[in-house]
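Q: I'd like to ask you about the structure that follows.
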Amino acid sequence: MSIKSKLILIILLFFSIVVIGGTYYAYITQLKLSINTTKKDAKISGIIILSSLNSMMLNGTILKSSDRKILFSIIRKVNGIKKFKLVRGAPINKEFGKGLAQEKATSKFDRKILDSKKIIFKQFFKKNHPYLKIGVPFIAKTSERGIDCLECHDVPSGTIVGGVNLTYSLKNVYNSSKKFLITIAILAVIVFTIIAFILIKFSSVYIKLFKTLEEKFAYMQEGNFDKANIITAKLPNDEAGEVAKSFNNTVKTFSDALLDISNKISILIGYNIMKTDNNLKDTSKIINELVSIHNFKKTIEHDMTKQEIYERINNILYDYMSIMTYAIYEIDNNKMKIVSTKGLEKYMKYFEGESWCFNVEKEDAGSCRAVRIGEDIDSKEFYHICNRFKLYDKGLNFYCIPVYLGGKVGFIVQIIYEKDMDDFIYTILNYIKGYLSESSTVIESKVLTEKLKEQAIVDTLTGLYNRRFIEDGIENILAGVKRRNSNLGIIMADIDHFKEVNDTYGHDVGDAVLKNVADTIRKNVRQSDYVVRFGGEEFLILLIDTLPDKAYEKAEEIRKAVEELKIKASNINLKKTISLGISELPIDSEKFWQCVKYSDVALYNAKENGRNKVVRFEQSMWQDTEY
């Protein structure tokens, strides 16, 4: 129910109570007053009748019944008197004899007149007609005016000798009271209508203000603060106007506060948030998203590797942002490699086994437009903006986001989407950038850590692992071999007559020989195997999960590859050979360093027996218990 309806109902209820109560009270008061007036008139009439009877008594005419009848007929003709009766008491009947039949005391009221020494009244209805009875007793006594009733009546003073019973009609009294009631009611309705009109007219501006406030609060709940302002020009310059002004100030303060929060958050996270028409929900969403991004950063800070962080970015894109098709490329040493993709499968027939943008792993990173200019690439900006993208004609758009690591583009997130999803993609882009921005610093730290760690375990000349790598990581390698219940082939290799190279051609040529031999060994083992520069010209090769005696075959392949190698350094062409010694864990021993010693013993045996050989360790080559 509206305020206006409630106000009208309250006014109607209030004035109904006042009007009905007041009118009824006025009606009862006026009726009582009219009846009292009638009573006074009746009392006077009764006294006059008794005075007339006294006169007739003095004149000696009262004893004639004919004279009394004439008096009675005259009295009945008096306006308002419906019935008249003279009541004779016992003293009169005893003294003067029985009178007329109608003079006998036949009713309770008649007898009450003869028993009462005061005038009595009785109101009653007969056939819905109102009447008033008045009984005036006639008391025999000497009056103050000189009339001595005892001269004619032989009774004690104060004896009731008779009385008058008058019946008056109150119909006119009631009718006049009803007319009065109707008049009062009409006047009350008119007054009520006028007052109600004035009140409603006066309060309409305030009722309208309440309705306006209700509408404006609804706009505030929707976050539309521009529509929440109240126009104050037509409001009175009183409390209503002050309330409206105060409300507008509150809306402005609240709106400014939300805008300030939004701007500061944008500064804090480094990008602007997509806005809608609902500033309240926008701010709430921004804060919730900021909390999510903060939690995301806290989580990835404890991840061990950048690959784990990339996987979390996958989860954000696919599970949280509902991006169904995308690719992540990593840039390292001017090369791009695919970190992960989603949704590629259904488009495979268009790629012939390549990626979205041709086979990026075979090209320089500079061929990627996003890497080259270091800015977002949006396929909607210009048709075929990037000629590497191959799905323009398949109803797809793309958006590439380059992420900087250490001052240059470190990886790229490429979002692929159908053209009818433009609005959705543009709504969530800034949130995606927020997560990528927070991840960039952590990935940069992980990359730096990995490089430092790599520098500590990698030989700078050959790019092979160094001896520290073996010392730090061999336990993990052995645990894997043991868990898989497999063998570890251990090959110790040494370049034959390497000292002569340094002595004859110098260390630069010697370094070139080391690098070429190292590359050759690395190319002839599996990716899961490990090649370590163990000493100056000495290499340790670990063959993971190799079959028994297969280590010998692999060592022979390496020996032949080095033997066929042509080394060119400083305009000098060289050919070198290597000698190799082999042992296997756990066949020869369950202790790694003992197997390394066995391989070294076998290598020494190869050197002693002519070099450029592969020798498998035999127990007869080592008799000592210590190694």
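The way I read the labels, and the way they are meant: chains A, B, ... in the order of the structure tokens, residue 1 as the first residue of every chain, and ligand 1 as the first ligand shown, with later ones counted on from there.
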Counting only C-alpha atoms, what is within 7 Å of segment 315-332 of chain A, bar same-chain residues fewer than 3 positions away, as a PyMOL selection string?

A: chain A and resi 311-312+335-344+365+410-417

Q: What's around Asn605 of chain A at 12 Å? Count only C-alpha atoms, leave out sequence neighbours fewer than 2 positions away in its own chain, and write the answer as a PyMOL selection string.

A: chain A and resi 492-494+579-582+598-603+607-618+620-622

Q: Just to be explicit: take each residue in the selection above, keep C-alpha atoms, and write the result as an mmCIF file, in the first residue's frame.

A:
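And here's selection.cif as it stands now:
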```cif
data_model
loop_
_atom_site.group_PDB
_atom_site.id
_atom_site.type_symbol
_atom_site.label_atom_id
_atom_site.label_comp_id
_atom_site.auth_asym_id
_atom_site.auth_seq_id
_atom_site.Cartn_x
_atom_site.Cartn_y
_atom_site.Cartn_z
ATOM 1 C CA MET A 492 83.610 -42.608 -18.738
ATOM 2 C CA ALA A 493 85.117 -41.064 -21.927
ATOM 3 C CA ASP A 494 88.420 -39.258 -22.489
ATOM 4 C CA SER A 579 88.508 -43.922 -25.381
ATOM 5 C CA LEU A 580 85.550 -45.142 -23.300
ATOM 6 C CA GLY A 581 85.141 -47.315 -20.204
ATOM 7 C CA ILE A 582 81.806 -48.852 -19.163
ATOM 8 C CA TYR A 598 84.939 -49.143 -12.356
ATOM 9 C CA SER A 599 84.234 -47.134 -15.546
ATOM 10 C CA ASP A 600 87.388 -45.126 -14.961
ATOM 11 C CA VAL A 601 89.375 -48.359 -14.543
ATOM 12 C CA ALA A 602 87.923 -49.683 -17.815
ATOM 13 C CA LEU A 603 88.809 -46.345 -19.506
ATOM 14 C CA LYS A 607 94.039 -46.201 -22.966
ATOM 15 C CA GLU A 608 96.637 -48.835 -22.114
ATOM 16 C CA ASN A 609 95.499 -51.044 -24.989
ATOM 17 C CA GLY A 610 95.819 -48.578 -27.837
ATOM 18 C CA ARG A 611 93.146 -45.895 -27.277
ATOM 19 C CA ASN A 612 90.078 -45.221 -29.502
ATOM 20 C CA LYS A 613 88.508 -48.237 -27.843
ATOM 21 C CA VAL A 614 85.444 -49.178 -25.742
ATOM 22 C CA VAL A 615 86.182 -51.423 -22.780
ATOM 23 C CA ARG A 616 83.543 -53.013 -20.543
ATOM 24 C CA PHE A 617 84.582 -53.292 -16.899
ATOM 25 C CA GLU A 618 85.369 -56.748 -15.602
ATOM 26 C CA SER A 620 89.421 -58.870 -12.791
ATOM 27 C CA MET A 621 90.424 -55.255 -13.575
ATOM 28 C CA TRP A 622 89.960 -54.190 -9.943
#
```

Q: So that I can check the surroundings of Asn397 of chain A, please list as a JSON list (two decimals) with C-alpha atoms, in the first residue's frame every protein, DNA and RNA residue that reaches within 8 Å of it, counting only C-alpha atoms and ignoring chain neighbours fewer than 6 positions away.

A:
```json
[["chain", "number", "residue", "atom", "x", "y", "z"],
["A", 379, "SER", "CA", 42.67, -9.07, -34.87],
["A", 380, "LYS", "CA", 39.69, -6.68, -34.80],
["A", 391, "LEU", "CA", 42.21, -19.00, -38.94],
["A", 416, "ILE", "CA", 41.30, -17.52, -29.88],
["A", 417, "TYR", "CA", 37.54, -16.92, -29.89],
["A", 418, "GLU", "CA", 34.53, -16.96, -32.15],
["A", 419, "LYS", "CA", 33.43, -13.57, -33.43]]
```

Q: Between atom CA of Val442 of chain A and atom CA of Ile293 of chain A, measure the distance and give it in Å to one decimal.

A: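 Taking atom CA of Val442 of chain A and atom CA of Ile293 of chain A, their separation equals 12.9 Å.
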
Q: Report, in Å with one decimal, the straight-line distance from atom CA of Ile373 of chain A to atom CA of Cys400 of chain A.

A: 11.7 Å

Q: So what do you get for atom CA of Thr441 of chain A versus atom CA of Thr427 of chain A, distance-wise?

A: 24.3 Å

Q: Val371 of chain A: which residues within 7 Å, counting only C-alpha atoms, same-chain residues fewer than 5 positions away excluded, as a ChimeraX atom specification?

A: /A:365-366,402,409

Q: Got a sec: who's within 9 Å of Glu215 of chain A, counting only C-alpha atoms, leaving out chain neighbours fewer than 5 positions off, as a VMD selection string?

A: chain A and resid 210 220 228

Q: Near Ile92 of chain A, counting only C-alpha atoms, which residues have an atom at most 10 Å away, once you skip same-chain residues fewer than 3 positions from it, shown as a list in words?

A: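 That gives Val87, Arg88, Gly89, Glu95, Phe96, Gly97, Lys98, Gly99, His153, Asp154, Val155, Ile160, Val161 and Gly162 of chain A.
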
Q: As number ranges by chain, please: all residues of segment 434-611 of chain A that backbone DSSP puts in helix (DSSP H, G or I).

A: A: 434-457, 467-483, 498-505, 507-523, 550-563, 592-608

Q: DSSP on the backbone, strand (DSSP E or B) only: what residues of segment 393-498 of chain A does that give? Format it as a short mmCIF file (atom, residue, chain, number, x, y, z; two decimals) with N, CA and C atoms, in the first residue's frame.

A:
```cif
data_model
loop_
_atom_site.label_atom_id
_atom_site.label_comp_id
_atom_site.auth_asym_id
_atom_site.auth_seq_id
_atom_site.Cartn_x
_atom_site.Cartn_y
_atom_site.Cartn_z
N LEU A 396 36.98 -16.94 -36.73
CA LEU A 396 37.67 -16.78 -35.45
C LEU A 396 38.45 -15.47 -35.40
N ASN A 397 38.53 -14.89 -34.23
CA ASN A 397 39.40 -13.75 -33.95
C ASN A 397 40.45 -14.18 -32.93
N PHE A 398 41.47 -13.35 -32.77
CA PHE A 398 42.48 -13.65 -31.75
C PHE A 398 42.89 -12.36 -31.05
N TYR A 399 43.42 -12.54 -29.85
CA TYR A 399 43.96 -11.42 -29.08
C TYR A 399 45.23 -11.92 -28.40
N CYS A 400 46.37 -11.30 -28.75
CA CYS A 400 47.66 -11.70 -28.19
C CYS A 400 48.10 -10.71 -27.12
N ILE A 401 48.48 -11.23 -25.95
CA ILE A 401 48.92 -10.40 -24.84
C ILE A 401 50.39 -10.72 -24.55
N PRO A 402 51.33 -9.82 -24.90
CA PRO A 402 52.74 -10.06 -24.54
C PRO A 402 52.98 -9.72 -23.06
N VAL A 403 53.71 -10.57 -22.39
CA VAL A 403 54.02 -10.37 -20.97
C VAL A 403 55.53 -10.20 -20.85
N TYR A 404 55.93 -9.09 -20.22
CA TYR A 404 57.36 -8.76 -20.12
C TYR A 404 58.01 -9.47 -18.94
N LEU A 405 59.21 -9.97 -19.20
CA LEU A 405 60.06 -10.55 -18.16
C LEU A 405 61.44 -9.90 -18.31
N LYS A 408 61.89 -7.38 -21.40
CA LYS A 408 61.57 -7.82 -22.76
C LYS A 408 60.45 -8.85 -22.68
N VAL A 409 59.83 -9.10 -23.83
CA VAL A 409 58.71 -10.04 -23.87
C VAL A 409 59.21 -11.43 -23.51
N GLY A 410 58.62 -11.99 -22.45
CA GLY A 410 59.04 -13.31 -21.98
C GLY A 410 58.10 -14.42 -22.41
N PHE A 411 56.80 -14.11 -22.45
CA PHE A 411 55.85 -15.10 -22.97
C PHE A 411 54.61 -14.37 -23.48
N ILE A 412 53.84 -15.07 -24.28
CA ILE A 412 52.65 -14.50 -24.93
C ILE A 412 51.47 -15.42 -24.68
N VAL A 413 50.35 -14.80 -24.30
CA VAL A 413 49.08 -15.54 -24.20
C VAL A 413 48.22 -15.13 -25.39
N GLN A 414 47.87 -16.11 -26.21
CA GLN A 414 47.07 -15.85 -27.40
C GLN A 414 45.68 -16.48 -27.20
N ILE A 415 44.66 -15.62 -27.19
CA ILE A 415 43.28 -16.07 -26.99
C ILE A 415 42.59 -16.16 -28.34
N ILE A 416 42.01 -17.30 -28.63
CA ILE A 416 41.30 -17.52 -29.88
C ILE A 416 39.80 -17.64 -29.54
N TYR A 417 38.96 -16.90 -30.24
CA TYR A 417 37.54 -16.92 -29.89
C TYR A 417 36.68 -16.69 -31.14
N GLU A 418 35.47 -17.18 -31.07
CA GLU A 418 34.53 -16.96 -32.15
C GLU A 418 34.05 -15.52 -32.13
N VAL A 458 76.05 -26.12 -14.91
CA VAL A 458 76.35 -26.30 -16.33
C VAL A 458 77.75 -25.75 -16.64
N TYR A 465 76.40 -30.62 -18.38
CA TYR A 465 76.36 -30.52 -16.93
C TYR A 465 77.78 -30.66 -16.40
N LEU A 488 71.37 -48.54 -14.84
CA LEU A 488 71.99 -47.26 -15.18
C LEU A 488 73.33 -47.57 -15.84
N GLY A 489 73.47 -47.20 -17.13
CA GLY A 489 74.74 -47.38 -17.81
C GLY A 489 75.66 -46.21 -17.53
N ILE A 490 76.90 -46.47 -17.13
CA ILE A 490 77.85 -45.43 -16.74
C ILE A 490 79.06 -45.52 -17.67
N ILE A 491 79.27 -44.47 -18.47
CA ILE A 491 80.38 -44.46 -19.44
C ILE A 491 81.32 -43.32 -19.07
N MET A 492 82.58 -43.62 -18.94
CA MET A 492 83.61 -42.61 -18.74
C MET A 492 84.39 -42.52 -20.05
N ALA A 493 84.44 -41.26 -20.63
CA ALA A 493 85.12 -41.06 -21.93
C ALA A 493 86.21 -40.02 -21.77
N ASP A 494 87.29 -40.18 -22.56
CA ASP A 494 88.42 -39.26 -22.49
C ASP A 494 88.96 -39.05 -23.90
N ILE A 495 89.23 -37.79 -24.25
CA ILE A 495 89.76 -37.47 -25.59
C ILE A 495 91.21 -37.94 -25.66
#
```

Q: Using only C-alpha atoms for the distances, tell me which of A:Lys264, A:Ala456, A:Lys126, A:Asn172 is nearest to Asp472 of chain A.

A: A:Ala456

Q: For Lys108 of chain A, list every protein, DNA or RNA residue within 12 Å, evaluated using only C-alpha atoms, and leave out those in the same chain fewer than 6 positions away; present the list as a PyMOL selection string.

A: chain A and resi 87+114-116+122+135+165

Q: Find, counting only C-alpha atoms, the residue in A:Asp378, A:Lys390, A:Tyr431, A:Glu444 that gets nearest to Asn288 of chain A.

A: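 Result for the nearest residue to Asn288 of chain A: A:Tyr431.
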